[in-house]
>>> print(open('coords05.cif').read())   # mmCIF, C-alpha atoms and all ligand atoms
data_coords
#
loop_
_atom_site.label_atom_id
_atom_site.label_comp_id
_atom_site.auth_asym_id
_atom_site.auth_seq_id
_atom_site.Cartn_x
_atom_site.Cartn_y
_atom_site.Cartn_z
CA MET A 899 48.73 101.76 82.94
CA GLU A 900 48.62 98.01 82.39
CA THR A 901 49.58 98.54 78.76
CA ASP A 902 52.70 100.49 79.81
CA LEU A 903 53.76 97.70 82.13
CA LEU A 904 53.27 95.10 79.41
CA SER A 905 55.18 97.14 76.85
CA ASN A 906 58.07 97.51 79.33
CA VAL A 907 58.13 93.77 79.95
CA GLY A 908 58.21 93.27 76.18
CA LEU A 909 61.06 95.76 75.86
CA VAL A 910 63.07 94.03 78.59
CA ALA A 911 62.27 90.61 77.07
CA PHE A 912 63.65 91.95 73.78
CA LEU A 913 66.67 93.86 75.12
CA VAL A 914 68.11 91.29 77.55
CA PRO A 915 68.59 88.48 75.00
CA THR A 916 69.65 90.95 72.28
CA VAL A 917 72.29 92.67 74.42
CA GLY A 918 73.37 89.29 75.79
CA THR A 919 73.76 87.86 72.29
CA LEU A 920 75.75 90.91 71.12
CA MET A 921 78.06 90.74 74.14
CA TYR A 922 78.56 87.01 73.69
CA GLY A 923 79.25 87.53 69.98
CA ALA A 924 81.81 90.22 70.81
CA ALA A 925 83.49 87.90 73.34
CA LEU A 926 83.65 85.08 70.75
CA TYR A 927 85.06 87.46 68.14
CA LEU A 928 87.72 88.85 70.48
CA ASN A 929 88.62 85.36 71.63
CA ALA A 930 89.04 84.09 68.07
CA HIS A 931 90.95 87.12 66.74
CA LEU A 932 92.86 88.67 69.63
CA PHE A 933 93.02 86.28 72.53
CA SER A 934 93.42 82.85 70.96
CA GLY A 935 97.06 82.57 72.00
CA LYS A 936 99.88 80.78 70.28
CA LYS A 937 99.32 77.96 67.82
CA LEU A 938 100.86 74.78 69.20
CA ASP A 939 102.49 72.79 66.43
CA SER A 940 103.61 69.54 68.00
CA ASP A 941 101.74 66.98 70.10
CA GLU A 942 104.42 67.46 72.75
CA GLU A 943 103.73 71.21 72.95
CA VAL A 944 100.00 70.50 73.30
CA ARG A 945 100.54 67.94 76.06
CA SER A 946 102.98 70.18 77.92
CA PHE A 947 100.66 73.21 77.74
CA THR A 948 97.72 71.03 78.84
CA GLU A 949 99.66 69.87 81.89
CA THR A 950 100.56 73.43 82.91
CA GLU A 951 97.03 74.75 82.42
CA ALA A 952 95.44 71.77 84.19
CA LYS A 953 97.55 72.43 87.28
CA ILE A 954 96.46 76.08 87.31
CA LEU A 955 92.83 74.87 87.42
CA GLY A 956 93.59 72.33 90.14
CA LEU A 957 93.06 69.35 87.82
CA ASP A 958 95.32 66.29 87.98
CA PRO A 959 97.13 66.18 84.61
CA SER A 960 97.71 62.41 84.93
CA LYS A 961 93.93 61.87 84.61
CA ILE A 962 93.62 63.90 81.40
CA GLU A 963 94.00 62.11 78.11
CA VAL A 964 94.60 64.29 75.04
CA LYS A 965 93.37 62.95 71.71
CA PHE A 966 93.61 64.57 68.32
CA LEU A 967 90.74 64.79 65.87
CA SER A 968 90.81 65.59 62.18
CA ASP A 969 91.70 69.13 61.06
CA ASN A 970 89.27 71.87 62.10
CA ALA A 971 87.06 69.42 64.02
CA VAL A 972 85.05 70.85 66.92
CA ASP A 973 86.97 70.57 70.20
CA VAL A 974 85.37 68.53 72.95
CA ALA A 975 85.91 68.14 76.69
CA ARG A 976 84.66 64.77 77.90
CA TYR A 977 84.02 64.06 81.55
CA TYR A 978 83.30 60.63 82.99
CA VAL A 979 81.27 60.61 86.21
CA GLY A 980 83.54 60.13 89.20
CA GLY A 981 86.25 62.32 87.69
CA GLU A 982 88.80 59.54 87.33
CA ARG A 983 88.93 59.98 83.58
CA LEU A 984 88.94 63.23 81.63
CA GLU A 985 89.45 63.62 77.90
CA LEU A 986 90.30 66.51 75.63
CA LEU A 987 89.48 65.87 71.99
CA LEU A 988 91.18 68.57 69.94
CA GLY A 989 90.95 69.47 66.26
CA ARG A 990 94.02 70.95 64.61
CA PRO A 991 95.35 73.57 64.61
CA VAL A 992 95.38 73.64 68.42
CA ARG A 993 95.65 77.08 70.00
CA GLU A 994 96.47 77.85 73.62
CA SER A 995 93.07 79.37 74.42
CA THR A 996 91.34 76.24 73.09
CA ILE A 997 93.10 74.13 75.69
CA SER A 998 92.38 76.61 78.51
CA HIS A 999 88.75 76.78 77.36
CA GLU A 1000 88.23 73.01 77.24
CA LEU A 1001 90.04 72.44 80.53
CA TYR A 1002 87.74 75.02 82.12
CA HIS A 1003 84.77 72.93 80.95
CA LEU A 1004 86.39 69.85 82.54
CA LYS A 1005 86.96 71.72 85.79
CA ARG A 1006 83.31 72.84 85.93
CA MET A 1007 82.04 69.33 85.14
CA LYS A 1008 84.36 67.83 87.73
CA ASP A 1009 83.14 70.32 90.37
CA LYS A 1010 79.53 69.32 89.62
CA ASN A 1011 80.39 65.66 88.89
CA ARG A 1012 78.17 65.73 85.81
CA GLY A 1013 77.85 67.13 82.33
CA PHE A 1014 75.89 70.25 81.40
CA SER A 1015 72.28 70.62 80.32
CA LEU A 1016 71.88 72.15 76.87
CA LEU A 1017 70.57 75.47 78.24
CA GLY A 1018 73.20 75.51 80.99
CA TYR A 1019 75.88 74.90 78.39
CA LEU A 1020 74.68 77.57 75.97
CA PHE A 1021 73.87 80.35 78.41
CA ASN A 1022 76.27 79.73 81.28
CA GLU A 1023 79.12 77.31 80.64
CA GLU A 1024 80.14 78.29 77.11
CA PRO A 1025 80.33 82.07 77.74
CA ARG A 1026 82.31 81.39 80.94
CA ALA A 1027 84.75 79.12 79.10
CA VAL A 1028 85.21 81.68 76.29
CA LEU A 1029 86.02 84.38 78.83
CA TYR A 1030 88.33 82.06 80.78
CA GLY A 1031 90.26 81.13 77.60
CA SER A 1032 90.72 84.82 76.74
CA LYS A 1033 91.72 85.66 80.30
CA ARG A 1034 94.42 82.96 80.32
CA THR A 1035 95.82 84.20 77.00
CA ILE A 1036 96.07 87.74 78.37
CA GLU A 1037 97.66 86.49 81.60
CA SER A 1038 100.26 84.34 79.81
CA LYS A 1039 101.16 87.22 77.44
CA ARG A 1040 101.75 89.43 80.47
CA THR A 1041 103.94 86.77 82.10
CA ILE A 1042 106.06 86.50 78.94
CA GLU A 1043 106.38 90.30 78.65
CA ASN A 1044 107.43 90.57 82.30
CA THR A 1045 110.01 87.82 81.80
CA ILE A 1046 111.49 89.62 78.76
CA SER A 1047 111.64 93.12 80.25
ZN ZN A 1101 83.24 75.42 75.01
#
>>> encode(input="coords05.cif", output="structure tokens")
Amino acid sequence: METDLLSNVGLVAFLVPTVGTLMYGAALYLNAHLFSGKKLDSDEEVRSFTETEAKILGLDPSKIEVKFLSDNAVDVARYYVGGERLELLLGRPVRESTISHELYHLKRMKDKNRGFSLLGYLFNEEPRAVLYGSKRTIESKRTIENTIS
């Protein structure tokens, strides 16, 4: 009887992270290939899109500084305690979902008034931001389609 219980705990301990990893991998794949949104070519387009998306999240665009990194650099959202200064560091090419994703990180850090722990980032914040970025891409595509038709 005890052996059955232990083997079930082992099964759950194996299945939960495995299924979680597969789902997270699928979300990352879909985000990168289907829901990454338009590529923004000019700095002006990036700044304009950032302003629009920041307002949707309730962030003050005047407090967000956008900086550009070298090509294909990892994008970073930087929060300074107190929330008076927020930075988006973006590698090119910049896609719409990248901005939504990074702004979502800023929103979450601002709400907590702190950065994320490594485990919190990996298992909570990053999956949320990936889903948020995809969701915004889907929503903005719908808005464009409704405007056209
Ligand atoms: Zn992220």
>>> residues_around(input="coords05.cif", residues="range 1015-1031 of chain A", least_positions_apart="2", cutoff="9 Å", atoms="only C-alpha atoms", output="ChimeraX atom specification")
/A:922,925-926,929,933-935,994-1003,1006,1013,1033-1036
>>> atom_distance(input="coords05.cif", atom1="CA of Arg983 in chain A", atom2="CA of Glu1037 in chain A")
28.0 Å
>>> atom_distance(input="coords05.cif", atom1="CA of Leu988 in chain A", atom2="CA of Phe966 in chain A")
5.0 Å
>>> atom_distance(input="coords05.cif", atom1="CA of Lys1008 in chain A", atom2="CA of Glu942 in chain A")
25.0 Å
>>> residues_around(input="coords05.cif", residues="Arg990 in chain A", least_positions_apart="5", cutoff="7 Å", atoms="only C-alpha atoms", output="ChimeraX atom specification")
/A:968-970
>>> residues_around(input="coords05.cif", residues="Asp958 in chain A", least_positions_apart="6", cutoff="12 Å", atoms="only C-alpha atoms", output="count of residues only")
14
>>> decode(input="coords05.cif", residues="range 955-987 of chain A", atoms="N, CA and C atoms", output="tab-separated table (two decimals), in the first residue's frame")
chain	number	residue	atom	x	y	z
A	955	LEU	N	-1.58	48.80	-20.43
A	955	LEU	CA	-1.22	48.16	-19.17
A	955	LEU	C	-1.32	49.11	-17.97
A	956	GLY	N	-1.68	50.36	-18.23
A	956	GLY	CA	-1.78	51.32	-17.14
A	956	GLY	C	-0.44	51.88	-16.70
A	957	LEU	N	0.58	51.76	-17.57
A	957	LEU	CA	1.89	52.33	-17.26
A	957	LEU	C	1.99	53.72	-17.87
A	958	ASP	N	2.74	54.61	-17.22
A	958	ASP	CA	2.94	55.96	-17.73
A	958	ASP	C	4.07	55.93	-18.77
A	959	PRO	N	3.73	56.15	-20.05
A	959	PRO	CA	4.75	56.07	-21.10
A	959	PRO	C	5.90	57.06	-20.91
A	960	SER	N	5.64	58.19	-20.24
A	960	SER	CA	6.70	59.19	-20.07
A	960	SER	C	7.81	58.70	-19.14
A	961	LYS	N	7.53	57.64	-18.36
A	961	LYS	CA	8.54	57.10	-17.45
A	961	LYS	C	9.34	55.95	-18.06
A	962	ILE	N	8.97	55.58	-19.30
A	962	ILE	CA	9.62	54.42	-19.93
A	962	ILE	C	10.64	54.90	-20.96
A	963	GLU	N	11.86	54.50	-20.74
A	963	GLU	CA	12.92	54.84	-21.70
A	963	GLU	C	13.22	53.60	-22.54
A	964	VAL	N	13.20	53.78	-23.86
A	964	VAL	CA	13.50	52.67	-24.78
A	964	VAL	C	14.93	52.83	-25.26
A	965	LYS	N	15.71	51.75	-25.11
A	965	LYS	CA	17.09	51.75	-25.60
A	965	LYS	C	17.27	50.56	-26.52
A	966	PHE	N	18.14	50.72	-27.49
A	966	PHE	CA	18.36	49.64	-28.45
A	966	PHE	C	19.71	48.99	-28.21
A	967	LEU	N	19.69	47.67	-28.25
A	967	LEU	CA	20.91	46.88	-28.06
A	967	LEU	C	21.40	46.42	-29.43
A	968	SER	N	22.46	45.67	-29.44
A	968	SER	CA	22.97	45.15	-30.72
A	968	SER	C	21.99	44.12	-31.28
A	969	ASP	N	22.14	43.78	-32.54
A	969	ASP	CA	21.23	42.85	-33.21
A	969	ASP	C	21.13	41.52	-32.46
A	970	ASN	N	19.91	41.02	-32.37
A	970	ASN	CA	19.61	39.73	-31.75
A	970	ASN	C	20.01	39.62	-30.28
A	971	ALA	N	20.25	40.74	-29.62
A	971	ALA	CA	20.55	40.70	-28.19
A	971	ALA	C	19.28	40.30	-27.43
A	972	VAL	N	19.45	39.77	-26.22
A	972	VAL	CA	18.30	39.38	-25.40
A	972	VAL	C	17.62	40.64	-24.87
A	973	ASP	N	16.31	40.70	-25.02
A	973	ASP	CA	15.53	41.86	-24.58
A	973	ASP	C	15.42	41.87	-23.05
A	974	VAL	N	15.45	43.07	-22.50
A	974	VAL	CA	15.43	43.19	-21.04
A	974	VAL	C	14.46	44.29	-20.62
A	975	ALA	N	13.70	44.01	-19.55
A	975	ALA	CA	12.88	45.03	-18.92
A	975	ALA	C	13.56	45.36	-17.60
A	976	ARG	N	13.84	46.64	-17.38
A	976	ARG	CA	14.57	47.02	-16.17
A	976	ARG	C	13.71	47.95	-15.32
A	977	TYR	N	13.52	47.55	-14.09
A	977	TYR	CA	12.68	48.31	-13.17
A	977	TYR	C	13.53	48.87	-12.05
A	978	TYR	N	13.35	50.14	-11.74
A	978	TYR	CA	14.07	50.75	-10.63
A	978	TYR	C	13.07	50.96	-9.50
A	979	VAL	N	13.43	50.51	-8.30
A	979	VAL	CA	12.52	50.55	-7.16
A	979	VAL	C	11.96	51.96	-6.99
A	980	GLY	N	10.65	52.02	-6.79
A	980	GLY	CA	9.95	53.30	-6.69
A	980	GLY	C	9.11	53.54	-7.94
A	981	GLY	N	9.52	52.90	-9.04
A	981	GLY	CA	8.71	52.96	-10.26
A	981	GLY	C	8.80	54.25	-11.03
A	982	GLU	N	9.73	55.13	-10.65
A	982	GLU	CA	9.85	56.40	-11.37
A	982	GLU	C	10.64	56.26	-12.66
A	983	ARG	N	11.35	55.15	-12.77
A	983	ARG	CA	12.15	54.95	-13.98
A	983	ARG	C	12.02	53.50	-14.43
A	984	LEU	N	11.64	53.35	-15.70
A	984	LEU	CA	11.47	52.02	-16.30
A	984	LEU	C	12.24	52.00	-17.61
A	985	GLU	N	12.90	50.92	-17.89
A	985	GLU	CA	13.66	50.84	-19.14
A	985	GLU	C	13.32	49.58	-19.91
A	986	LEU	N	13.24	49.74	-21.22
A	986	LEU	CA	13.15	48.60	-22.13
A	986	LEU	C	14.42	48.57	-22.95
A	987	LEU	N	15.16	47.49	-22.86
A	987	LEU	CA	16.37	47.34	-23.65
A	987	LEU	C	16.05	46.28	-24.71
